[in-house]
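Engineer: Contents of work17.cif (mmCIF, C-alpha atoms):
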data_entry
loop_
_atom_site.label_atom_id
_atom_site.label_comp_id
_atom_site.auth_asym_id
_atom_site.auth_seq_id
_atom_site.Cartn_x
_atom_site.Cartn_y
_atom_site.Cartn_z
CA MET A 953 -37.69 41.48 61.59
CA LEU A 954 -34.09 40.34 61.19
CA ASP A 955 -35.34 36.94 60.00
CA LYS A 956 -37.54 38.64 57.43
CA ILE A 957 -34.67 40.80 56.16
CA LEU A 958 -32.39 37.75 56.04
CA LYS A 959 -35.03 35.89 54.00
CA TYR A 960 -35.27 38.75 51.50
CA PHE A 961 -31.48 39.05 51.50
CA LEU A 962 -31.19 35.44 50.36
CA TYR A 963 -33.89 35.90 47.70
CA GLY A 964 -32.25 39.10 46.47
CA LEU A 965 -28.79 37.55 46.45
CA LEU A 966 -30.09 34.61 44.44
CA ALA A 967 -31.75 37.00 41.96
CA ILE A 968 -28.51 38.97 41.57
CA ILE A 969 -26.41 35.83 41.06
CA VAL A 970 -28.88 34.66 38.39
CA VAL A 971 -28.80 38.09 36.66
CA ILE A 972 -24.98 38.17 36.68
CA PHE A 973 -24.80 34.61 35.34
CA LEU A 974 -27.32 35.36 32.60
CA HIS A 975 -25.37 38.47 31.63
CA TYR A 976 -22.07 36.62 31.27
CA LEU A 977 -23.84 33.84 29.35
CA GLY A 978 -25.08 36.52 26.98
CA TRP A 979 -28.75 35.64 27.55
CA LEU A 980 -29.57 39.07 28.95
CA ARG A 981 -28.40 40.92 25.83
CA GLN A 982 -31.87 41.47 24.44
CA VAL A 983 -33.17 42.75 27.79
CA GLU A 984 -30.17 45.09 28.19
CA SER A 985 -30.58 46.33 24.64
CA LEU A 986 -34.30 46.93 25.23
CA LEU A 987 -33.59 48.84 28.45
CA ILE A 988 -31.10 51.13 26.70
CA LYS A 989 -33.49 51.55 23.76
CA GLY A 990 -36.42 52.31 26.06
CA LEU A 991 -34.57 54.85 28.17
CA SER A 992 -32.47 56.43 25.43
CA PRO A 993 -35.00 58.97 24.05
CA LEU A 994 -35.61 60.38 27.52
CA GLN A 995 -31.95 60.21 28.42
CA GLU A 996 -30.91 61.87 25.16
CA ASN A 997 -33.31 64.81 25.62
CA ILE A 998 -32.39 65.40 29.25
CA ASN A 999 -28.71 65.12 28.35
CA GLN A 1000 -29.06 67.77 25.67
CA VAL A 1001 -30.94 70.12 28.00
CA VAL A 1002 -28.31 69.64 30.73
CA LYS A 1003 -25.45 70.18 28.28
CA GLY A 1004 -27.17 73.23 26.79
CA SER A 1005 -27.72 74.86 30.17
CA LYS A 1006 -24.18 73.99 31.23
CA ASN A 1007 -22.76 75.54 28.08
CA PHE A 1008 -24.87 78.67 28.57
CA TYR A 1009 -23.71 78.99 32.16
CA GLU A 1010 -20.08 78.46 31.21
CA ARG A 1011 -20.27 80.93 28.34
CA TRP A 1012 -21.88 83.52 30.56
CA LEU A 1013 -19.25 82.98 33.25
CA LYS A 1014 -16.28 82.90 30.96
CA LYS A 1015 -17.15 85.72 28.60
CA ARG A 1016 -14.06 87.76 29.45
CA ASP A 1017 -11.82 84.71 29.29
CA LEU A 1018 -13.35 83.82 25.96
CA LEU A 1019 -12.59 87.23 24.49
CA LYS A 1020 -8.97 86.90 25.55
CA GLU A 1021 -8.85 83.34 24.27
CA ASN A 1022 -10.40 84.51 21.00
CA GLU A 1023 -7.58 86.98 20.53
CA GLN A 1024 -4.98 84.30 21.23
CA LEU A 1025 -6.70 81.89 18.88
CA LYS A 1026 -6.72 84.47 16.10
CA ASN A 1027 -2.95 84.83 16.46
CA GLN A 1028 -2.61 81.05 16.58
CA LEU A 1029 -4.74 80.80 13.43
CA ILE A 1030 -2.36 83.02 11.53
CA LYS A 1031 0.58 80.85 12.63
CA LEU A 1032 -1.36 77.72 11.68
CA ALA A 1033 -2.17 79.13 8.26
CA ILE A 1034 1.55 79.55 7.66
CA ASP A 1035 2.17 76.01 8.93
CA ASP A 1036 -0.65 74.78 6.72
CA SER A 1037 0.87 76.22 3.61
CA ARG A 1038 4.20 74.63 4.53
CA LEU A 1039 2.43 71.32 5.16
CA LYS A 1040 0.67 71.47 1.82
CA ALA A 1041 3.97 71.98 0.09
CA LEU A 1042 5.44 69.06 2.01
CA GLN A 1043 2.39 66.93 1.21
CA GLU A 1044 2.77 67.62 -2.48
CA GLU A 1045 6.42 66.78 -2.25
CA ASN A 1046 5.56 63.60 -0.33
CA GLU A 1047 2.98 62.56 -2.95
CA LEU A 1048 5.54 63.07 -5.66
CA LEU A 1049 8.17 61.06 -3.83
CA LYS A 1050 5.67 58.26 -3.10
CA LYS A 1051 4.77 58.05 -6.77
CA GLU A 1052 8.40 57.94 -7.67
CA LEU A 1053 9.02 55.14 -5.19
CA ASN A 1054 5.87 53.27 -6.32
CA PHE A 1055 4.35 53.34 -2.87
CA VAL A 1056 1.10 51.46 -2.39
CA GLU A 1057 -1.56 54.00 -1.42
CA GLU A 1058 -2.73 53.47 2.15
CA SER A 1059 -6.31 52.32 2.55
CA LYS A 1060 -8.67 55.20 3.36
CA LEU A 1061 -10.33 55.05 6.75
CA LYS A 1062 -14.09 54.53 6.98
CA PHE A 1063 -16.04 56.38 9.66
CA VAL A 1064 -19.41 55.80 11.31
CA SER A 1065 -20.85 58.85 13.06
CA ALA A 1066 -22.58 58.34 16.40
CA LYS A 1067 -24.39 60.39 18.99
CA ILE A 1068 -23.64 60.00 22.69
CA ILE A 1069 -26.81 59.03 24.50
CA SER A 1070 -25.60 58.75 28.02
CA GLY A 1071 -22.71 57.83 30.21
CA VAL A 1072 -21.76 56.87 33.71
CA SER A 1073 -18.85 58.25 35.60
CA ASP A 1074 -17.50 57.38 38.99
CA PRO A 1075 -13.98 57.65 40.39
CA PHE A 1076 -12.89 54.54 38.49
CA SER A 1077 -14.94 54.39 35.38
CA ARG A 1078 -15.66 56.71 32.45
CA SER A 1079 -17.81 55.28 29.73
CA VAL A 1080 -20.55 56.44 27.38
CA ILE A 1081 -23.30 54.80 25.37
CA ILE A 1082 -23.55 55.64 21.66
CA ASN A 1083 -26.44 55.11 19.26
CA ARG A 1084 -24.62 52.78 16.86
CA GLY A 1085 -24.15 49.04 17.24
CA LYS A 1086 -23.67 45.69 15.58
CA ARG A 1087 -26.10 46.63 12.80
CA ASP A 1088 -23.84 49.53 11.81
CA GLY A 1089 -20.83 47.26 11.57
CA LEU A 1090 -19.32 48.10 14.94
CA GLU A 1091 -17.34 45.59 16.93
CA LYS A 1092 -15.40 45.47 20.19
CA GLY A 1093 -12.04 47.24 20.19
CA LEU A 1094 -12.68 49.74 17.37
CA ALA A 1095 -11.26 53.24 17.75
CA VAL A 1096 -13.60 56.08 18.67
CA VAL A 1097 -12.49 59.55 17.62
CA ALA A 1098 -13.87 63.03 18.11
CA SER A 1099 -14.81 64.95 14.99
CA GLU A 1100 -11.34 66.47 14.88
CA GLY A 1101 -9.84 62.99 14.44
CA ILE A 1102 -8.54 62.74 17.97
CA LEU A 1103 -8.77 59.36 19.69
CA VAL A 1104 -11.17 59.52 22.65
CA GLY A 1105 -11.75 55.86 23.43
CA LYS A 1106 -12.46 52.32 22.31
CA ILE A 1107 -15.64 50.28 21.84
CA SER A 1108 -15.92 47.99 24.85
CA GLU A 1109 -19.29 46.32 24.33
CA VAL A 1110 -21.61 46.09 21.35
CA TYR A 1111 -25.39 45.61 21.31
CA ASP A 1112 -27.55 45.50 18.17
CA ASP A 1113 -28.28 49.25 18.07
CA PHE A 1114 -26.01 50.61 20.80
CA SER A 1115 -22.42 50.35 21.96
CA LYS A 1116 -20.52 51.09 25.10
CA VAL A 1117 -17.40 53.21 24.69
CA ILE A 1118 -14.63 53.13 27.27
CA LEU A 1119 -13.05 56.59 27.33
CA LEU A 1120 -9.28 57.09 27.47
CA ASN A 1121 -9.43 58.39 31.04
CA ASP A 1122 -11.24 55.29 32.32
CA ASN A 1123 -9.10 53.46 34.85
CA SER A 1124 -9.09 50.25 32.83
CA SER A 1125 -8.40 51.91 29.46
CA LYS A 1126 -5.14 50.89 27.75
CA VAL A 1127 -4.06 51.92 24.26
CA ALA A 1128 -0.77 51.11 22.54
CA ALA A 1129 0.85 54.43 21.60
CA THR A 1130 3.96 56.07 20.19
CA ILE A 1131 5.50 59.40 21.06
CA GLN A 1132 6.41 61.51 18.05
CA ASN A 1133 9.99 62.11 19.17
CA LEU A 1134 13.32 61.13 17.70
CA ASP A 1135 13.22 57.68 19.33
CA HIS A 1136 9.58 57.04 18.36
CA THR A 1137 9.06 55.81 21.92
CA VAL A 1138 6.45 53.07 22.27
CA GLY A 1139 4.34 52.68 25.41
CA LEU A 1140 0.86 52.30 26.81
CA VAL A 1141 -1.60 55.14 27.34
CA GLU A 1142 -3.52 54.32 30.50
CA GLY A 1143 -6.47 56.04 32.18
CA GLN A 1144 -5.95 57.74 35.52
CA TYR A 1145 -9.02 57.36 37.74
CA GLY A 1146 -11.31 59.14 35.26
CA LEU A 1147 -9.32 62.34 35.55
CA SER A 1148 -6.63 62.20 32.92
CA PHE A 1149 -4.28 59.70 31.34
CA SER A 1150 -0.62 58.88 31.27
CA MET A 1151 1.82 56.93 29.12
CA THR A 1152 3.57 54.13 30.94
CA ASN A 1153 6.27 51.57 30.08
CA ILE A 1154 8.62 54.19 28.59
CA PRO A 1155 12.23 52.93 28.84
CA GLN A 1156 14.46 55.22 30.94
CA ASN A 1157 16.91 55.78 28.06
CA GLN A 1158 14.27 57.32 25.80
CA GLU A 1159 14.14 61.09 25.59
CA VAL A 1160 10.66 62.44 26.11
CA LYS A 1161 9.98 66.14 26.50
CA GLU A 1162 7.04 68.37 27.28
CA GLY A 1163 4.84 69.08 24.28
CA ASP A 1164 5.70 65.88 22.38
CA LYS A 1165 2.65 64.52 20.58
CA VAL A 1166 1.37 61.04 21.44
CA VAL A 1167 -0.28 59.02 18.67
CA THR A 1168 -1.60 55.48 18.31
CA SER A 1169 1.10 52.97 17.45
CA GLY A 1170 -1.04 50.73 15.28
CA LEU A 1171 0.02 47.69 17.32
CA GLU A 1172 -3.62 47.03 18.19
CA GLY A 1173 -5.17 45.51 15.11
CA LYS A 1174 -8.41 47.47 15.15
CA ILE A 1175 -6.92 50.89 15.91
CA PRO A 1176 -5.19 52.60 12.98
CA LYS A 1177 -1.73 54.08 13.29
CA ASN A 1178 -1.04 57.79 13.92
CA LEU A 1179 -4.33 58.88 15.49
CA LEU A 1180 -3.59 61.81 17.78
CA ILE A 1181 -4.18 61.02 21.47
CA ALA A 1182 -2.63 63.75 23.60
CA GLU A 1183 0.55 65.67 24.24
CA VAL A 1184 3.13 65.21 26.97
CA GLU A 1185 2.60 67.51 29.94
CA SER A 1186 5.39 66.26 32.20
CA VAL A 1187 7.61 63.23 32.72
CA LYS A 1188 7.88 61.26 35.97
CA SER A 1189 11.09 59.35 36.32
CA THR A 1190 12.64 57.48 39.24
CA GLU A 1191 16.25 56.32 38.99
CA ASN A 1192 15.68 52.81 40.35
CA GLU A 1193 12.84 52.00 37.99
CA ILE A 1194 13.21 50.48 34.53
CA PHE A 1195 10.42 52.54 33.04
CA LYS A 1196 9.29 56.13 33.33
CA THR A 1197 5.83 57.63 33.00
CA ALA A 1198 4.69 60.61 30.96
CA ILE A 1199 1.69 62.55 32.21
CA LEU A 1200 -0.41 63.48 29.21
CA LYS A 1201 -2.54 66.53 28.50
CA PRO A 1202 -5.71 65.77 26.52
CA ILE A 1203 -6.10 67.69 23.26
CA ILE A 1204 -9.86 68.00 23.78
CA SER A 1205 -12.02 67.63 26.87
CA LEU A 1206 -13.59 64.18 27.16
CA ASP A 1207 -16.33 65.57 29.38
CA ASN A 1208 -18.35 67.47 26.84
CA LEU A 1209 -18.50 65.07 23.92
CA SER A 1210 -21.81 64.99 22.04
CA TYR A 1211 -20.91 63.30 18.77
CA VAL A 1212 -18.11 60.88 17.98
CA GLU A 1213 -16.93 58.87 14.99
CA ILE A 1214 -15.94 55.24 14.95
CA ILE A 1215 -13.26 54.00 12.58
CA VAL A 1216 -14.45 50.77 11.03
CA PRO A 1217 -12.20 48.36 9.16
CA MET B 1331 -49.55 53.53 48.67
CA LEU B 1332 -48.36 54.10 45.13
CA SER B 1333 -49.50 52.02 42.19
CA TRP B 1334 -46.98 49.86 40.35
CA ILE B 1335 -46.87 52.25 37.39
CA SER B 1336 -46.02 55.14 39.72
CA LYS B 1337 -43.33 53.02 41.37
CA ILE B 1338 -41.79 52.12 38.00
CA LEU B 1339 -41.86 55.77 36.92
CA LEU B 1340 -40.30 56.83 40.20
CA ALA B 1341 -37.54 54.24 39.86
CA ILE B 1342 -36.82 55.39 36.28
CA ILE B 1343 -36.75 59.08 37.27
CA ILE B 1344 -34.37 58.38 40.17
CA ILE B 1345 -31.94 56.34 38.09
CA LEU B 1346 -31.97 58.71 35.11
CA GLY B 1347 -31.43 61.62 37.49
CA HIS B 1348 -28.54 59.78 39.09
CA VAL B 1349 -26.92 58.92 35.74
CA ILE B 1350 -27.21 62.54 34.58
CA LEU B 1351 -25.84 63.92 37.85
CA SER B 1352 -22.96 61.45 37.95
CA ASN B 1353 -22.09 62.34 34.37
CA SER B 1354 -22.37 66.10 34.87
CA ASN B 1355 -18.60 66.52 35.42
CA ASN B 1356 -19.39 68.91 38.20
CA PHE B 1357 -17.94 67.95 41.58
CA LEU B 1358 -21.00 69.12 43.49
CA PHE B 1359 -23.61 67.45 41.28
CA SER B 1360 -21.67 64.27 40.66
CA SER B 1361 -21.33 63.77 44.43
CA ILE B 1362 -25.10 63.50 44.83
CA ASN B 1363 -26.20 59.89 45.21
CA LEU B 1364 -29.93 59.94 44.46
CA PRO B 1365 -30.60 56.21 45.03
CA ILE B 1366 -29.17 56.30 48.56
CA ILE B 1367 -30.92 59.56 49.45
CA PHE B 1368 -34.16 58.02 48.22
CA LEU B 1369 -33.60 54.79 50.17
CA VAL B 1370 -32.93 56.71 53.39
CA LEU B 1371 -35.80 59.18 53.05
CA PHE B 1372 -38.39 56.61 52.00
CA ILE B 1373 -37.10 53.71 54.09
CA ASN B 1374 -40.43 53.26 55.83
CA PHE B 1375 -42.61 54.24 52.90
CA PHE B 1376 -41.98 51.13 50.81
CA ASP B 1377 -41.85 47.49 51.90
CA ILE B 1378 -38.61 45.51 51.68
CA PRO B 1379 -39.43 43.58 48.44
CA THR B 1380 -40.29 46.85 46.63
CA LYS B 1381 -37.03 48.45 47.76
CA LEU B 1382 -35.12 45.35 46.67
CA ILE B 1383 -36.75 45.47 43.23
CA PHE B 1384 -35.81 49.17 43.05
CA VAL B 1385 -32.15 48.55 43.86
CA ILE B 1386 -31.90 45.57 41.50
CA PHE B 1387 -33.38 47.70 38.69
CA TRP B 1388 -31.05 50.63 39.46
CA GLY B 1389 -28.05 48.33 39.74
CA LEU B 1390 -28.91 46.69 36.42
CA ILE B 1391 -29.18 50.06 34.63
CA LEU B 1392 -25.93 51.35 36.16
CA ASP B 1393 -24.15 48.11 35.28
CA ILE B 1394 -25.34 48.35 31.69
CA TYR B 1395 -24.13 51.94 31.37
CA SER B 1396 -20.94 51.55 33.38
CA ASN B 1397 -17.69 49.99 32.34
CA LEU B 1398 -17.05 48.31 35.69
CA PRO B 1399 -17.40 44.50 35.83
CA PHE B 1400 -21.07 43.61 35.42
CA GLY B 1401 -22.74 43.16 38.80
CA SER B 1402 -20.65 45.78 40.64
CA PHE B 1403 -23.52 48.23 41.08
CA LEU B 1404 -26.12 45.46 41.50
CA THR B 1405 -24.20 43.97 44.42
CA THR B 1406 -23.26 47.33 45.94
CA LEU B 1407 -26.75 48.83 45.93
CA PHE B 1408 -28.27 45.56 47.12
CA LEU B 1409 -25.89 45.37 50.10
CA VAL B 1410 -26.54 49.03 50.92
CA GLU B 1411 -30.29 48.43 50.93
CA ILE B 1412 -30.05 45.34 53.15
CA PHE B 1413 -27.71 47.07 55.57
CA LEU B 1414 -29.94 50.15 55.76
CA ASP B 1415 -32.94 47.94 56.51
CA ILE B 1416 -31.06 46.07 59.24
CA LEU B 1417 -30.04 49.38 60.83
CA PHE B 1418 -33.46 50.95 60.45
CA TYR B 1419 -35.63 48.08 61.70
CA ASN B 1420 -33.32 47.18 64.59
CA PHE B 1421 -31.57 50.35 65.76
CA PHE B 1422 -32.72 53.62 64.23
CA THR B 1423 -36.44 53.02 64.17
CA ASP B 1424 -37.68 56.51 65.05
CA GLN B 1425 -37.17 58.09 61.59
CA SER B 1426 -35.80 61.22 63.25
CA PHE B 1427 -33.47 63.65 61.52
CA TYR B 1428 -30.45 62.21 63.35
CA SER B 1429 -31.41 58.64 62.48
CA SER B 1430 -31.69 59.65 58.82
CA LEU B 1431 -28.25 61.25 58.98
CA VAL B 1432 -26.75 58.10 60.52
CA LEU B 1433 -28.45 55.96 57.87
CA LEU B 1434 -27.20 58.24 55.08
CA PHE B 1435 -23.68 58.17 56.47
CA SER B 1436 -23.78 54.36 56.78
CA GLY B 1437 -25.32 53.94 53.34
CA LEU B 1438 -22.74 56.12 51.60
CA THR B 1439 -19.87 54.48 53.49
CA ILE B 1440 -21.01 50.98 52.57
CA TYR B 1441 -21.64 52.06 48.96
CA ASN B 1442 -18.12 53.42 48.54
CA PHE B 1443 -16.49 50.65 50.54
CA VAL B 1444 -18.20 47.79 48.68
CA LEU B 1445 -17.68 49.40 45.26
CA MET B 1446 -14.02 49.94 46.09
CA LEU B 1447 -13.65 46.31 47.26
CA ILE B 1448 -15.23 45.01 44.06
CA ILE B 1449 -12.99 47.19 41.91
CA ILE B 1450 -9.85 46.18 43.83
CA ALA B 1451 -10.88 42.52 43.64
CA SER B 1452 -11.59 42.79 39.94
CA TYR B 1453 -8.23 44.49 39.41
CA PHE B 1454 -6.18 41.99 41.40
CA LEU B 1455 -8.11 38.85 40.52
CA GLY B 1456 -8.61 40.09 36.99
CA PHE B 1457 -12.19 38.84 36.67
CA THR B 1458 -12.98 41.11 33.78
CA ASP B 1459 -13.72 40.03 30.24
CA TRP B 1460 -11.11 37.33 29.97
CA PHE B 1461 -11.63 35.65 33.31
CA ILE B 1462 -15.38 35.47 33.81
CA ASN B 1463 -16.59 35.08 30.30
CA GLN B 1464 -19.33 33.02 28.72
CA ARG B 1465 -17.10 29.96 28.50
CA TYR B 1466 -16.18 30.15 32.18
CA ILE B 1467 -19.84 30.37 33.23
CA GLU B 1468 -20.80 27.55 30.88
CA GLN B 1469 -18.04 25.42 32.35
CA TYR B 1470 -19.22 26.26 35.85
CA LEU B 1471 -22.84 25.43 35.00
CA SER B 1472 -21.82 22.16 33.39
CA GLN B 1473 -19.80 21.33 36.52
CA LEU B 1474 -22.90 21.96 38.64
CA LEU B 1475 -25.02 19.83 36.35
CA ILE B 1476 -22.60 16.93 36.03
CA ASN B 1477 -21.70 16.83 39.72
CA GLY B 1478 -25.37 17.26 40.63
CA CYS B 1479 -26.21 14.24 38.48
CA LEU B 1480 -23.43 12.25 40.19
CA ILE B 1481 -24.84 13.20 43.60
CA ILE B 1482 -28.32 12.08 42.53
CA ILE B 1483 -26.98 8.74 41.28
CA GLY B 1484 -24.80 8.32 44.38
CA PHE B 1485 -27.68 9.21 46.66
CA TYR B 1486 -29.97 6.75 44.88
CA TRP B 1487 -27.47 3.90 45.13
CA PHE B 1488 -26.55 4.73 48.71
CA ASN B 1489 -30.23 4.61 49.73
CA LYS B 1490 -30.79 1.44 47.79
CA LEU B 1491 -27.80 -0.24 49.45
CA ALA B 1492 -28.84 1.00 52.90
CA LYS B 1493 -32.22 -0.72 52.49
#
As a first step, turn the structure in this file into structure tokens.
Structural biologist:
Amino acid sequence: MLDKILKYFLYGLLAIIVVIFLHYLGWLRQVESLLIKGLSPLQENINQVVKGSKNFYERWLKKRDLLKENEQLKNQLIKLAIDDSRLKALQEENELLKKELNFVEESKLKFVSAKIISGVSDPFSRSVIINRGKRDGLEKGLAVVASEGILVGKISEVYDDFSKVILLNDNSSKVAATIQNLDHTVGLVEGQYGLSFSMTNIPQNQEVKEGDKVVTSGLEGKIPKNLLIAEVESVKSTENEIFKTAILKPIISLDNLSYVEIIVP
Amino acid sequence: MLSWISKILLAIIIILGHVILSNSNNFLFSSINLPIIFLVLFINFFDIPTKLIFVIFWGLILDIYSNLPFGSFLTTLFLVEIFLDILFYNFFTDQSFYSSLVLLFSGLTIYNFVLMLIIIASYFLGFTDWFINQRYIEQYLSQLLINGCLIIIGFYWFNKLAK
């Protein structure tokens, strides 16, 4: 029996090596695209049912919490309305100043809306498949934002009709970012084992405090500047090290995304 | 025995179920590993080639969906299947409850261990997009082809001279 298993082992290993080679040569693209296309309707429907039942369960469980949260949000809304009016005034003032200084108007961003079909998560990886691809003008490295305009990930692979998005909390995710503090600290937002993310490479002399907003730095060509990423939750600093790390708190949960938008050049 | 259509449907249901469970963001559900449970429970129900086709299909789907280096899940699931077969056909042949538990434990351990090794290797060796890319593979294939041709020529001349 061992001989038989060994024989099949060698056949299987050969098949896997061939598949991996074909993938990296790009010859499997059509097959991969077809597989996603074939499974996506089923996957999409099941996904929606699962999300719906999960939402119902959560709502039912958290009714009391939600009422309390609702009250807090109402209060927050009033504060935000005041802030909004201040912002509008500042915006008008800014527009006026820009005109006076003959500023060139910044190019408006173009968005492509996409639906999340499916995703895979394990302790190291967090990625999702969206229903937009090369045909919709997507390319590798483009920024993916949630409807609120908050960066949630980057396009990591593009097929004709589908794309793979690497979420910010994926272990291999790296995004150039800036902290909105006095120093305008620049660093890298890196995923933390699919759980959360942190900002690394912050020089020790930079002052970073809890609640500071982290935005994209615009140093990556395909990701526009000033997209909101997260806010600083805490700062980890060791005296002997050159850099310190800021632990970030996501603005929105990356677990329950249904629709996203991709910023195209 | 099941027909091929039933087998394909079964394989699709298992992998879709696994993808949905793994993506459920619920600790309990995302810990369920449907492919390994299936392999352990039905270890004697399907022949080895069928099980190998199953794991290659599952691995391919997971590799397409996942962001890990392509081939991680293919290799991991394949090694799990082979190891489970070796254990089952040589040591735990009775298909008892305890044998199934041992197989499940071994399968899950190998799955996590191999996946971890691949991820660590990919991290340290850096064989992600920039290392193993199309150009690298093309270069490797051309090396095989050119050196293979040289061996053929060398072999031909060596034989000719020997005569």
Engineer: Could you give me, as a PyMOL selection string, the residues that sit within 7 Å of (-33.2, 51.9, 35.0) in the file's coordinates, counting only C-alpha atoms?
Structural biologist: chain B and resi 1341-1342+1345-1346+1387-1388+1390-1391
Engineer: Output as a tab-separated table one row per residue of chain B within 9 Å of chain A: the closest atom pair and its distance in Å to one decimal place, counting all atoms listed in the file, sorted by chain and residue number ascending.
Structural biologist:
residue	atom	partner	partner_atom	distance
B:Ile1342	CA	A:Leu991	CA	8.4
B:Leu1346	CA	A:Gln995	CA	6.9
B:Val1349	CA	A:Val1072	CA	5.9
B:Ile1350	CA	A:Asn999	CA	6.9
B:Ser1352	CA	A:Ser1073	CA	5.7
B:Asn1353	CA	A:Ser1073	CA	5.4
B:Ser1354	CA	A:Val1002	CA	8.1
B:Asn1355	CA	A:Asp1207	CA	6.5
B:Ser1360	CA	A:Asp1074	CA	8.2
B:Ile1378	CA	A:Tyr960	CA	7.5
B:Pro1379	CA	A:Tyr960	CA	7.1
B:Leu1382	CA	A:Gly964	CA	6.9
B:Ile1383	CA	A:Gly964	CA	8.4
B:Ile1386	CA	A:Ile968	CA	7.4
B:Leu1390	CA	A:Glu984	CA	8.5
B:Ile1391	CA	A:Leu987	CA	7.7
B:Leu1392	CA	A:Val1072	CA	7.3
B:Ile1394	CA	A:Glu984	CA	6.8
B:Tyr1395	CA	A:Val1072	CA	5.9
B:Ser1396	CA	A:Val1072	CA	5.4
B:Asn1397	CA	A:Ser1079	CA	5.9
B:Leu1398	CA	A:Ser1077	CA	6.4
B:Phe1400	CA	A:Ile972	CA	6.8
B:Gly1401	CA	A:Ile972	CA	5.9
B:Leu1404	CA	A:Ile968	CA	6.9
B:Thr1405	CA	A:Ile968	CA	7.2
B:Phe1408	CA	A:Gly964	CA	7.6
B:Leu1409	CA	A:Phe961	CA	8.6
B:Ile1412	CA	A:Phe961	CA	6.7
B:Asp1415	CA	A:Ile957	CA	7.4
B:Ile1416	CA	A:Leu954	CA	6.8
B:Tyr1419	CA	A:Met953	CA	6.9
B:Asn1420	CA	A:Leu954	CA	7.7
B:Met1446	CA	A:Phe1076	CA	9.0
B:Ile1449	CA	A:Phe1076	CA	8.1
B:Tyr1453	CA	A:Ser1124	CA	8.8
B:Ile1462	CA	A:Tyr976	CA	7.2
B:Asn1463	CA	A:Tyr976	CA	5.8
B:Gln1464	CA	A:Leu977	CA	4.6
B:Arg1465	CA	A:Leu977	CA	7.8
B:Tyr1466	CA	A:Tyr976	CA	8.8
B:Ile1467	CA	A:Leu977	CA	6.6
B:Glu1468	CA	A:Leu977	CA	7.2
Engineer: One number please: atom CA of Ile1131 of chain A to atom CA of Gln1158 of chain A, in Å, one decimal.
Structural biologist: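 Spanning atom CA of Ile1131 of chain A to atom CA of Gln1158 of chain A is a straight-line distance of 10.2 Å.
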Engineer: Report the distance between atom CA of Glu1183 of chain A and atom CA of Lys1201 of chain A in Å, rounded to one decimal place.
Structural biologist: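 We find that atom CA of Glu1183 of chain A and atom CA of Lys1201 of chain A lie 5.3 Å from each other.
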Engineer: What does the structure give for the distance between atom CA of Ile1204 of chain A and atom CA of Ile1181 of chain A, in Å to one decimal?
Structural biologist: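 These two atoms are separated by 9.3 Å.
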Engineer: Would you translate the PyMOL selection byres ((chain A and resi 1138) around 10) into the concrete set of residues it matches in this file, as an NGL selection string?
Structural biologist: :A and (1128-1132 or 1135-1137 or 1139-1141 or 1151-1155 or 1158 or 1166-1169 or 1171)
Engineer: Go through B:Ile1483, B:Ile1373, B:Asn1477, B:Val1410 one by one, measure the shortest atom-to-atom distance of each to Asp1424 of chain B using only C-alpha atoms, and give the residue with the smallest value.
Structural biologist: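 The closest residue to Asp1424 of chain B is B:Ile1373.
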Engineer: At a cut-off of 9 Å, using all atoms listed in the file, what residues contact segment 1086-1099 of chain A? Leave out same-chain residues fewer than 2 positions from it and give the result as a ChimeraX atom specification.
Structural biologist: /A:1064-1065,1084,1101-1115,1117,1119,1172-1176,1179,1204,1209,1211-1217
Engineer: Closest to Ile1440 of chain B among B:Ser1426, B:Ile1366, B:Leu1475, B:Gly1484, using all atoms listed in the file?
Structural biologist: B:Ile1366
